[in-house]
$ cat my_file23.txt   # compact mmCIF, N, CA and C atoms
# COMPACT_ATOMS: atom_id res chain seq x y z
N MET Z 1 137.69 101.49 69.98
CA MET Z 1 137.68 102.92 69.72
C MET Z 1 136.26 103.37 69.40
N PHE Z 2 135.91 104.55 69.88
CA PHE Z 2 134.56 105.08 69.71
C PHE Z 2 134.60 106.20 68.69
N SER Z 3 133.77 106.12 67.67
CA SER Z 3 133.72 107.19 66.67
C SER Z 3 132.28 107.41 66.23
N PHE Z 4 132.03 108.60 65.75
CA PHE Z 4 130.70 108.95 65.23
C PHE Z 4 130.80 109.07 63.71
N GLN Z 5 130.05 108.26 63.00
CA GLN Z 5 130.01 108.33 61.55
C GLN Z 5 128.98 109.35 61.09
N ASN Z 6 128.01 109.62 61.94
CA ASN Z 6 126.89 110.48 61.60
C ASN Z 6 126.97 111.76 62.43
N PRO Z 7 127.04 112.95 61.79
CA PRO Z 7 127.13 114.20 62.55
C PRO Z 7 125.95 114.41 63.50
N SER Z 8 124.76 113.94 63.13
CA SER Z 8 123.61 114.13 64.02
C SER Z 8 123.77 113.27 65.29
N ALA Z 9 124.43 112.13 65.18
CA ALA Z 9 124.69 111.30 66.36
C ALA Z 9 125.65 112.02 67.31
N LEU Z 10 126.65 112.70 66.76
CA LEU Z 10 127.59 113.46 67.58
C LEU Z 10 126.86 114.60 68.30
N LEU Z 11 125.97 115.28 67.59
CA LEU Z 11 125.20 116.36 68.20
C LEU Z 11 124.30 115.83 69.31
N THR Z 12 123.65 114.72 69.07
CA THR Z 12 122.79 114.11 70.09
C THR Z 12 123.59 113.76 71.33
N PHE Z 13 124.77 113.16 71.13
CA PHE Z 13 125.64 112.79 72.25
C PHE Z 13 126.06 114.03 73.03
N ALA Z 14 126.43 115.10 72.33
CA ALA Z 14 126.85 116.34 73.00
C ALA Z 14 125.70 116.94 73.81
N LEU Z 15 124.49 116.92 73.27
CA LEU Z 15 123.33 117.44 73.99
C LEU Z 15 123.04 116.62 75.24
N LEU Z 16 123.20 115.30 75.14
CA LEU Z 16 122.99 114.44 76.31
C LEU Z 16 124.00 114.76 77.41
N LEU Z 17 125.25 115.00 77.02
CA LEU Z 17 126.27 115.35 78.01
C LEU Z 17 125.91 116.66 78.72
N LEU Z 18 125.43 117.63 77.96
CA LEU Z 18 125.04 118.90 78.55
C LEU Z 18 123.85 118.76 79.49
N ALA Z 19 122.94 117.86 79.15
CA ALA Z 19 121.73 117.68 79.96
C ALA Z 19 122.02 117.05 81.31
N PHE Z 20 123.12 116.31 81.43
CA PHE Z 20 123.39 115.58 82.66
C PHE Z 20 124.60 116.11 83.40
N GLN Z 21 124.74 117.42 83.45
CA GLN Z 21 125.82 118.01 84.23
C GLN Z 21 125.50 117.83 85.72
N PRO Z 22 126.50 117.45 86.51
CA PRO Z 22 126.22 117.23 87.94
C PRO Z 22 125.90 118.52 88.67
N SER Z 23 125.01 118.44 89.62
CA SER Z 23 124.66 119.56 90.47
C SER Z 23 125.42 119.43 91.78
N GLU Z 24 125.45 120.51 92.54
CA GLU Z 24 126.08 120.44 93.86
C GLU Z 24 125.21 119.59 94.77
N ALA Z 25 125.82 118.66 95.46
CA ALA Z 25 125.06 117.78 96.35
C ALA Z 25 125.86 117.53 97.62
N ARG Z 26 125.14 117.34 98.71
CA ARG Z 26 125.78 116.99 99.98
C ARG Z 26 125.01 115.84 100.58
N LEU Z 27 125.72 114.93 101.18
CA LEU Z 27 125.11 113.81 101.88
C LEU Z 27 125.04 114.17 103.36
N LEU Z 28 123.82 114.31 103.87
CA LEU Z 28 123.62 114.69 105.27
C LEU Z 28 123.35 113.44 106.09
N GLN Z 29 123.97 113.37 107.25
CA GLN Z 29 123.79 112.22 108.13
C GLN Z 29 122.97 112.56 109.37
N ASP Z 30 122.74 113.85 109.60
CA ASP Z 30 122.07 114.27 110.82
C ASP Z 30 120.99 115.30 110.47
N ALA Z 31 119.83 115.19 111.10
CA ALA Z 31 118.71 116.10 110.82
C ALA Z 31 119.05 117.55 111.16
N SER Z 32 120.00 117.78 112.05
CA SER Z 32 120.38 119.15 112.40
C SER Z 32 121.05 119.87 111.24
N GLN Z 33 121.48 119.14 110.23
CA GLN Z 33 122.13 119.74 109.06
C GLN Z 33 121.12 120.22 108.01
N LEU Z 34 119.85 119.91 108.21
CA LEU Z 34 118.82 120.29 107.25
C LEU Z 34 118.54 121.79 107.30
N ARG Z 35 118.18 122.34 106.17
CA ARG Z 35 117.74 123.73 106.11
C ARG Z 35 116.31 123.82 106.62
N ALA Z 36 115.87 125.03 106.88
CA ALA Z 36 114.50 125.23 107.35
C ALA Z 36 113.49 125.13 106.21
N GLN Z 37 113.93 125.36 104.97
CA GLN Z 37 113.00 125.39 103.85
C GLN Z 37 113.66 124.85 102.59
N TYR Z 38 112.88 124.13 101.78
CA TYR Z 38 113.32 123.61 100.49
C TYR Z 38 112.26 123.92 99.44
N ASP Z 39 112.69 124.09 98.20
CA ASP Z 39 111.75 124.32 97.10
C ASP Z 39 111.06 123.02 96.72
N TYR Z 40 111.80 121.92 96.75
CA TYR Z 40 111.26 120.61 96.39
C TYR Z 40 111.81 119.57 97.35
N ILE Z 41 110.98 118.60 97.71
CA ILE Z 41 111.42 117.45 98.50
C ILE Z 41 111.06 116.20 97.72
N ILE Z 42 112.06 115.38 97.44
CA ILE Z 42 111.87 114.15 96.67
C ILE Z 42 112.13 112.98 97.61
N VAL Z 43 111.19 112.07 97.67
CA VAL Z 43 111.32 110.89 98.52
C VAL Z 43 111.78 109.73 97.66
N GLY Z 44 113.00 109.26 97.90
CA GLY Z 44 113.56 108.14 97.16
C GLY Z 44 114.63 108.58 96.19
N ASP Z 45 115.81 107.97 96.30
CA ASP Z 45 116.94 108.31 95.46
C ASP Z 45 117.21 107.21 94.44
N GLY Z 46 116.15 106.62 93.95
CA GLY Z 46 116.31 105.62 92.89
C GLY Z 46 116.53 106.30 91.56
N THR Z 47 116.31 105.57 90.50
CA THR Z 47 116.55 106.09 89.16
C THR Z 47 115.74 107.35 88.91
N ALA Z 48 114.45 107.32 89.17
CA ALA Z 48 113.60 108.48 88.91
C ALA Z 48 113.92 109.64 89.84
N GLY Z 49 114.10 109.36 91.13
CA GLY Z 49 114.41 110.42 92.08
C GLY Z 49 115.71 111.13 91.78
N SER Z 50 116.72 110.38 91.36
CA SER Z 50 118.02 110.97 91.03
C SER Z 50 117.92 111.89 89.82
N VAL Z 51 117.24 111.41 88.78
CA VAL Z 51 117.09 112.21 87.56
C VAL Z 51 116.27 113.46 87.85
N LEU Z 52 115.16 113.29 88.56
CA LEU Z 52 114.30 114.43 88.87
C LEU Z 52 115.02 115.47 89.71
N SER Z 53 115.74 115.04 90.73
CA SER Z 53 116.46 115.99 91.58
C SER Z 53 117.55 116.71 90.79
N ASN Z 54 118.21 116.01 89.89
CA ASN Z 54 119.23 116.64 89.06
C ASN Z 54 118.62 117.71 88.18
N ARG Z 55 117.50 117.40 87.55
CA ARG Z 55 116.85 118.36 86.66
C ARG Z 55 116.33 119.58 87.44
N LEU Z 56 115.71 119.34 88.59
CA LEU Z 56 115.18 120.45 89.39
C LEU Z 56 116.28 121.34 89.93
N SER Z 57 117.42 120.76 90.26
CA SER Z 57 118.51 121.55 90.84
C SER Z 57 119.41 122.17 89.79
N ALA Z 58 119.05 122.06 88.52
CA ALA Z 58 119.83 122.70 87.46
C ALA Z 58 119.85 124.22 87.64
N ASN Z 59 118.79 124.75 88.20
CA ASN Z 59 118.73 126.17 88.52
C ASN Z 59 119.43 126.37 89.86
N PRO Z 60 120.53 127.13 89.91
CA PRO Z 60 121.27 127.27 91.17
C PRO Z 60 120.48 127.94 92.28
N LYS Z 61 119.37 128.60 91.95
CA LYS Z 61 118.54 129.24 92.98
C LYS Z 61 117.53 128.27 93.60
N THR Z 62 117.43 127.07 93.05
CA THR Z 62 116.48 126.08 93.53
C THR Z 62 117.15 125.17 94.56
N CYS Z 63 116.46 124.93 95.66
CA CYS Z 63 116.99 124.08 96.72
C CYS Z 63 116.15 122.79 96.78
N VAL Z 64 116.81 121.66 96.57
CA VAL Z 64 116.12 120.37 96.49
C VAL Z 64 116.64 119.45 97.60
N LEU Z 65 115.73 118.81 98.30
CA LEU Z 65 116.08 117.82 99.31
C LEU Z 65 115.64 116.45 98.81
N VAL Z 66 116.56 115.49 98.81
CA VAL Z 66 116.24 114.12 98.44
C VAL Z 66 116.37 113.28 99.71
N ILE Z 67 115.30 112.56 100.04
CA ILE Z 67 115.30 111.72 101.25
C ILE Z 67 115.40 110.26 100.82
N GLU Z 68 116.36 109.55 101.40
CA GLU Z 68 116.52 108.12 101.12
C GLU Z 68 116.63 107.40 102.45
N ALA Z 69 115.86 106.35 102.62
CA ALA Z 69 115.84 105.61 103.88
C ALA Z 69 117.12 104.81 104.08
N GLY Z 70 117.73 104.36 103.02
CA GLY Z 70 118.91 103.50 103.14
C GLY Z 70 120.19 104.29 103.23
N GLY Z 71 121.26 103.56 103.47
CA GLY Z 71 122.57 104.16 103.58
C GLY Z 71 123.36 104.06 102.29
N SER Z 72 124.65 104.31 102.40
CA SER Z 72 125.54 104.28 101.25
C SER Z 72 125.85 102.84 100.84
N PRO Z 73 125.86 102.57 99.54
CA PRO Z 73 126.16 101.22 99.08
C PRO Z 73 127.66 100.94 98.97
N ASP Z 74 128.50 101.91 99.31
CA ASP Z 74 129.94 101.78 99.08
C ASP Z 74 130.57 100.57 99.75
N ALA Z 75 130.15 100.24 100.96
CA ALA Z 75 130.80 99.17 101.71
C ALA Z 75 130.24 97.78 101.40
N ILE Z 76 129.29 97.71 100.50
CA ILE Z 76 128.63 96.42 100.24
C ILE Z 76 129.17 95.84 98.94
N GLN Z 77 130.01 94.85 99.06
CA GLN Z 77 130.69 94.26 97.91
C GLN Z 77 129.72 93.69 96.88
N ALA Z 78 128.62 93.13 97.31
CA ALA Z 78 127.66 92.53 96.38
C ALA Z 78 127.02 93.57 95.48
N ILE Z 79 126.97 94.84 95.92
CA ILE Z 79 126.43 95.90 95.06
C ILE Z 79 127.47 96.31 94.04
N ALA Z 80 128.72 96.39 94.45
CA ALA Z 80 129.78 96.85 93.56
C ALA Z 80 130.25 95.78 92.58
N THR Z 81 129.93 94.53 92.81
CA THR Z 81 130.40 93.45 91.96
C THR Z 81 129.28 92.96 91.05
N PRO Z 82 129.50 93.03 89.74
CA PRO Z 82 128.46 92.56 88.81
C PRO Z 82 128.03 91.12 89.08
N PHE Z 83 126.75 90.88 88.94
CA PHE Z 83 126.12 89.56 89.06
C PHE Z 83 125.98 89.06 90.50
N LEU Z 84 126.40 89.84 91.49
CA LEU Z 84 126.23 89.41 92.88
C LEU Z 84 124.94 89.95 93.49
N GLY Z 85 124.14 90.67 92.71
CA GLY Z 85 122.87 91.19 93.19
C GLY Z 85 121.93 90.10 93.68
N ILE Z 86 122.11 88.89 93.18
CA ILE Z 86 121.25 87.79 93.61
C ILE Z 86 121.49 87.40 95.07
N THR Z 87 122.58 87.88 95.66
CA THR Z 87 122.87 87.57 97.06
C THR Z 87 122.25 88.58 98.02
N LEU Z 88 121.59 89.61 97.51
CA LEU Z 88 121.10 90.70 98.36
C LEU Z 88 119.74 90.47 99.03
N PRO Z 89 118.86 89.59 98.53
CA PRO Z 89 117.61 89.37 99.25
C PRO Z 89 117.88 88.89 100.68
N GLY Z 90 117.12 89.45 101.62
CA GLY Z 90 117.31 89.09 103.02
C GLY Z 90 118.36 89.92 103.73
N THR Z 91 118.91 90.93 103.06
CA THR Z 91 119.94 91.77 103.68
C THR Z 91 119.36 93.14 104.04
N SER Z 92 120.17 93.97 104.67
CA SER Z 92 119.72 95.29 105.11
C SER Z 92 119.55 96.28 103.97
N VAL Z 93 120.05 96.00 102.79
CA VAL Z 93 119.90 96.92 101.65
C VAL Z 93 118.64 96.63 100.84
N ASN Z 94 117.83 95.70 101.32
CA ASN Z 94 116.60 95.31 100.64
C ASN Z 94 115.45 95.43 101.64
N TRP Z 95 114.33 96.00 101.22
CA TRP Z 95 113.17 96.10 102.10
C TRP Z 95 112.58 94.71 102.39
N ASN Z 96 112.95 93.72 101.62
CA ASN Z 96 112.55 92.33 101.82
C ASN Z 96 111.03 92.11 101.81
N TYR Z 97 110.39 92.75 100.86
CA TYR Z 97 108.95 92.55 100.68
C TYR Z 97 108.69 91.18 100.06
N THR Z 98 107.53 90.62 100.35
CA THR Z 98 107.10 89.37 99.72
C THR Z 98 105.67 89.54 99.22
N SER Z 99 105.32 88.72 98.26
CA SER Z 99 103.96 88.74 97.73
C SER Z 99 103.04 87.91 98.62
N THR Z 100 101.78 87.99 98.34
CA THR Z 100 100.83 87.07 98.96
C THR Z 100 100.97 85.73 98.24
N PRO Z 101 100.49 84.65 98.81
CA PRO Z 101 100.57 83.36 98.11
C PRO Z 101 99.92 83.46 96.72
N GLN Z 102 100.63 82.98 95.71
CA GLN Z 102 100.17 83.06 94.33
C GLN Z 102 99.50 81.76 93.92
N GLU Z 103 98.20 81.82 93.77
CA GLU Z 103 97.41 80.63 93.47
C GLU Z 103 97.90 79.92 92.21
N GLY Z 104 98.24 80.67 91.18
CA GLY Z 104 98.69 80.07 89.93
C GLY Z 104 100.08 79.47 90.00
N LEU Z 105 100.76 79.67 91.12
CA LEU Z 105 102.11 79.12 91.32
C LEU Z 105 102.15 78.18 92.52
N ASN Z 106 101.08 77.42 92.70
CA ASN Z 106 100.98 76.48 93.83
C ASN Z 106 101.17 77.17 95.17
N ASN Z 107 100.60 78.37 95.28
CA ASN Z 107 100.64 79.17 96.51
C ASN Z 107 102.05 79.57 96.95
N ARG Z 108 102.95 79.64 95.99
CA ARG Z 108 104.31 80.12 96.32
C ARG Z 108 104.24 81.59 96.72
N ILE Z 109 105.11 81.97 97.62
CA ILE Z 109 105.27 83.37 98.01
C ILE Z 109 106.56 83.86 97.35
N LEU Z 110 106.45 84.94 96.59
CA LEU Z 110 107.59 85.44 95.84
C LEU Z 110 108.24 86.63 96.55
N ARG Z 111 109.55 86.72 96.42
CA ARG Z 111 110.27 87.88 96.95
C ARG Z 111 110.11 89.04 95.99
N TYR Z 112 109.99 90.22 96.54
CA TYR Z 112 109.80 91.43 95.76
C TYR Z 112 110.90 92.41 96.17
N ALA Z 113 112.00 92.42 95.44
CA ALA Z 113 113.17 93.22 95.80
C ALA Z 113 112.89 94.71 95.63
N ARG Z 114 113.15 95.47 96.68
CA ARG Z 114 113.04 96.92 96.66
C ARG Z 114 114.24 97.46 97.43
N GLY Z 115 114.98 98.37 96.82
CA GLY Z 115 116.22 98.86 97.40
C GLY Z 115 116.05 99.74 98.62
N HIS Z 116 116.81 99.45 99.65
CA HIS Z 116 116.86 100.22 100.89
C HIS Z 116 118.29 100.74 101.02
N VAL Z 117 118.70 101.55 100.02
CA VAL Z 117 120.07 102.01 99.89
C VAL Z 117 120.09 103.20 98.94
N LEU Z 118 121.11 104.04 99.03
CA LEU Z 118 121.23 105.13 98.06
C LEU Z 118 121.23 104.54 96.65
N GLY Z 119 120.43 105.10 95.79
CA GLY Z 119 120.29 104.55 94.44
C GLY Z 119 119.05 103.71 94.30
N GLY Z 120 118.40 103.40 95.42
CA GLY Z 120 117.15 102.65 95.38
C GLY Z 120 117.29 101.27 94.79
N SER Z 121 116.22 100.82 94.17
CA SER Z 121 116.18 99.46 93.64
C SER Z 121 117.16 99.24 92.51
N SER Z 122 117.54 100.31 91.81
CA SER Z 122 118.52 100.13 90.73
C SER Z 122 119.89 99.74 91.29
N SER Z 123 120.17 100.09 92.54
CA SER Z 123 121.45 99.71 93.14
C SER Z 123 121.52 98.23 93.47
N ILE Z 124 120.38 97.61 93.73
CA ILE Z 124 120.40 96.18 94.08
C ILE Z 124 119.93 95.31 92.93
N SER Z 125 119.82 95.91 91.78
CA SER Z 125 119.39 95.16 90.60
C SER Z 125 120.41 94.08 90.28
N GLU Z 126 119.93 92.97 89.80
CA GLU Z 126 120.85 91.91 89.39
C GLU Z 126 121.54 92.26 88.09
N GLN Z 127 121.21 93.40 87.54
CA GLN Z 127 121.86 93.89 86.32
C GLN Z 127 122.73 95.09 86.67
N ASN Z 128 123.39 95.08 87.81
CA ASN Z 128 124.10 96.25 88.30
C ASN Z 128 125.49 96.43 87.69
N LEU Z 129 125.62 96.18 86.41
CA LEU Z 129 126.90 96.36 85.75
C LEU Z 129 127.34 97.81 85.70
N TYR Z 130 126.41 98.74 85.50
CA TYR Z 130 126.77 100.13 85.30
C TYR Z 130 126.12 101.06 86.30
N LEU Z 131 125.44 100.54 87.29
CA LEU Z 131 124.70 101.37 88.22
C LEU Z 131 125.35 101.37 89.59
N VAL Z 132 126.65 101.59 89.64
CA VAL Z 132 127.36 101.58 90.91
C VAL Z 132 127.60 103.02 91.34
N TYR Z 133 127.11 103.38 92.52
CA TYR Z 133 127.28 104.72 93.06
C TYR Z 133 128.51 104.75 93.95
N SER Z 134 129.14 105.89 94.02
CA SER Z 134 130.23 106.06 94.97
C SER Z 134 129.94 107.28 95.81
N SER Z 135 130.62 107.41 96.93
CA SER Z 135 130.36 108.55 97.81
C SER Z 135 130.71 109.86 97.12
N SER Z 136 131.65 109.86 96.18
CA SER Z 136 131.99 111.09 95.47
C SER Z 136 130.84 111.58 94.60
N ASP Z 137 129.94 110.67 94.19
CA ASP Z 137 128.75 111.08 93.44
C ASP Z 137 127.82 111.92 94.30
N MET Z 138 127.86 111.71 95.59
CA MET Z 138 126.93 112.38 96.50
C MET Z 138 127.54 113.61 97.17
N ASP Z 139 128.85 113.79 97.06
CA ASP Z 139 129.52 114.94 97.70
C ASP Z 139 129.49 116.17 96.83
$ encode --input "my_file23.txt" --output "structure tokens"
Amino acid sequence: MFSFQNPSALLTFALLLLAFQPSEARLLQDASQLRAQYDYIIVGDGTAGSVLSNRLSANPKTCVLVIEAGGSPDAIQAIATPFLGITLPGTSVNWNYTSTPQEGLNNRILRYARGHVLGGSSSISEQNLYLVYSSSDMD
């Protein structure tokens, strides 16, 4: 059971809820669906891009376009299942970047996970317990 012992904690929680009201959003699959003009264009729908677009679109007169290179994570079981993020390197939801050989690590080349999916790198995080997006979030 969840309870607030401190009235200021309840007020803080209520203010946070008000700050994160969902905005109207549409997922476009075709460039012909784009408008001719936008007030803001955000590249990347990761953690920062999602928060920024939500804040900018709080004003109903503001038109925001968010561009994401990747597709929907809905059909990818490893994204929706906690602790399966470690299976995502080498897949289509990862840009599959690698480092240069690291001299201090016997010239090992390290994988550098970057998300190629709605939600960005936070969607493919190995800590994806609470960062699961659904198509209803985008509609």
$ atom_distance --input "my_file23.txt" --atom1 "atom C of Arg111 in chain Z" --atom2 "atom C of Ser99 in chain Z"
7.6 Å
$ atom_distance --input "my_file23.txt" --atom1 "atom N of Ala113 in chain Z" --atom2 "CA of Asp74 in chain Z"
20.6 Å
$ closest_residue --input "my_file23.txt" --among "Z:Cys63, Z:Val93, Z:Ile76, Z:Leu84" --to "Gly120 in chain Z" --atoms "only C-alpha atoms"
Z:Val93
$ residues_around --input "my_file23.txt" --residues "range 29-39 of chain Z" --least-positions-apart "6" --cutoff "8 Å" --atoms "only N, CA and C atoms" --output "PyMOL selection string"
chain Z and resi 61-65
$ write_last_selection --input "my_file23.txt" --atoms "N, CA and C atoms" --output "compact mmCIF listing (two decimals), keeping the file's coordinate frame"
# COMPACT_ATOMS: atom_id res chain seq x y z
N LYS Z 61 119.37 128.60 91.95
CA LYS Z 61 118.54 129.24 92.98
C LYS Z 61 117.53 128.27 93.60
N THR Z 62 117.43 127.07 93.05
CA THR Z 62 116.48 126.08 93.53
C THR Z 62 117.15 125.17 94.56
N CYS Z 63 116.46 124.93 95.66
CA CYS Z 63 116.99 124.08 96.72
C CYS Z 63 116.15 122.79 96.78
N VAL Z 64 116.81 121.66 96.57
CA VAL Z 64 116.12 120.37 96.49
C VAL Z 64 116.64 119.45 97.60
N LEU Z 65 115.73 118.81 98.30
CA LEU Z 65 116.08 117.82 99.31
C LEU Z 65 115.64 116.45 98.81
$ closest_residue --input "my_file23.txt" --among "Z:Gly104, Z:Gly70, Z:Gly90, Z:Gly85" --to "Gly46 in chain Z" --atoms "only C-alpha atoms"
Z:Gly70
$ closest_residue --input "my_file23.txt" --among "Z:Val43, Z:Ala78, Z:Leu28, Z:Val117" --to "Asn94 in chain Z" --atoms "only N, CA and C atoms"
Z:Val117
$ atom_distance --input "my_file23.txt" --atom1 "atom C of Ile124 in chain Z" --atom2 "atom C of Thr47 in chain Z"
13.4 Å
$ residues_around --input "my_file23.txt" --residues "Ile109 in chain Z" --least-positions-apart "2" --cutoff "9 Å" --atoms "only C-alpha atoms" --output "PDB file with N, CA and C atoms, keeping the file's coordinate frame"
ATOM      1  N   THR Z  98     107.530  90.620 100.350  1.00  0.00           N
ATOM      2  CA  THR Z  98     107.100  89.370  99.720  1.00  0.00           C
ATOM      3  C   THR Z  98     105.670  89.540  99.220  1.00  0.00           C
ATOM      4  N   SER Z  99     105.320  88.720  98.260  1.00  0.00           N
ATOM      5  CA  SER Z  99     103.960  88.740  97.730  1.00  0.00           C
ATOM      6  C   SER Z  99     103.040  87.910  98.620  1.00  0.00           C
ATOM      7  N   THR Z 100     101.780  87.990  98.340  1.00  0.00           N
ATOM      8  CA  THR Z 100     100.830  87.070  98.960  1.00  0.00           C
ATOM      9  C   THR Z 100     100.970  85.730  98.240  1.00  0.00           C
ATOM     10  N   PRO Z 101     100.490  84.650  98.810  1.00  0.00           N
ATOM     11  CA  PRO Z 101     100.570  83.360  98.110  1.00  0.00           C
ATOM     12  C   PRO Z 101      99.920  83.460  96.720  1.00  0.00           C
ATOM     13  N   GLN Z 102     100.630  82.980  95.710  1.00  0.00           N
ATOM     14  CA  GLN Z 102     100.170  83.060  94.330  1.00  0.00           C
ATOM     15  C   GLN Z 102      99.500  81.760  93.920  1.00  0.00           C
ATOM     16  N   LEU Z 105     100.760  79.670  91.120  1.00  0.00           N
ATOM     17  CA  LEU Z 105     102.110  79.120  91.320  1.00  0.00           C
ATOM     18  C   LEU Z 105     102.150  78.180  92.520  1.00  0.00           C
ATOM     19  N   ASN Z 107     100.600  78.370  95.280  1.00  0.00           N
ATOM     20  CA  ASN Z 107     100.640  79.170  96.510  1.00  0.00           C
ATOM     21  C   ASN Z 107     102.050  79.570  96.950  1.00  0.00           C
ATOM     22  N   ARG Z 111     109.550  86.720  96.420  1.00  0.00           N
ATOM     23  CA  ARG Z 111     110.270  87.880  96.950  1.00  0.00           C
ATOM     24  C   ARG Z 111     110.110  89.040  95.990  1.00  0.00           C
TER      25      ARG Z 111
END
$ closest_residue --input "my_file23.txt" --among "Z:Ser125, Z:Leu110, Z:Pro73, Z:Ile67" --to "Ile41 in chain Z" --atoms "all atoms listed in the file"
Z:Ile67
$ axis_aligned_box --input "my_file23.txt" --around "range 112-115 of chain Z" --padding-each-side "5 Å" --output "AutoDock Vina command-line options"
--center_x 113.0 --center_y 95.0 --center_z 97.0 --size_x 16.4 --size_y 19.5 --size_z 13.2
$ residues_around --input "my_file23.txt" --residues "Val66 in chain Z" --least-positions-apart "3" --cutoff "8 Å" --atoms "all atoms listed in the file" --output "PyMOL selection string"
chain Z and resi 40-45+49+53+63+69
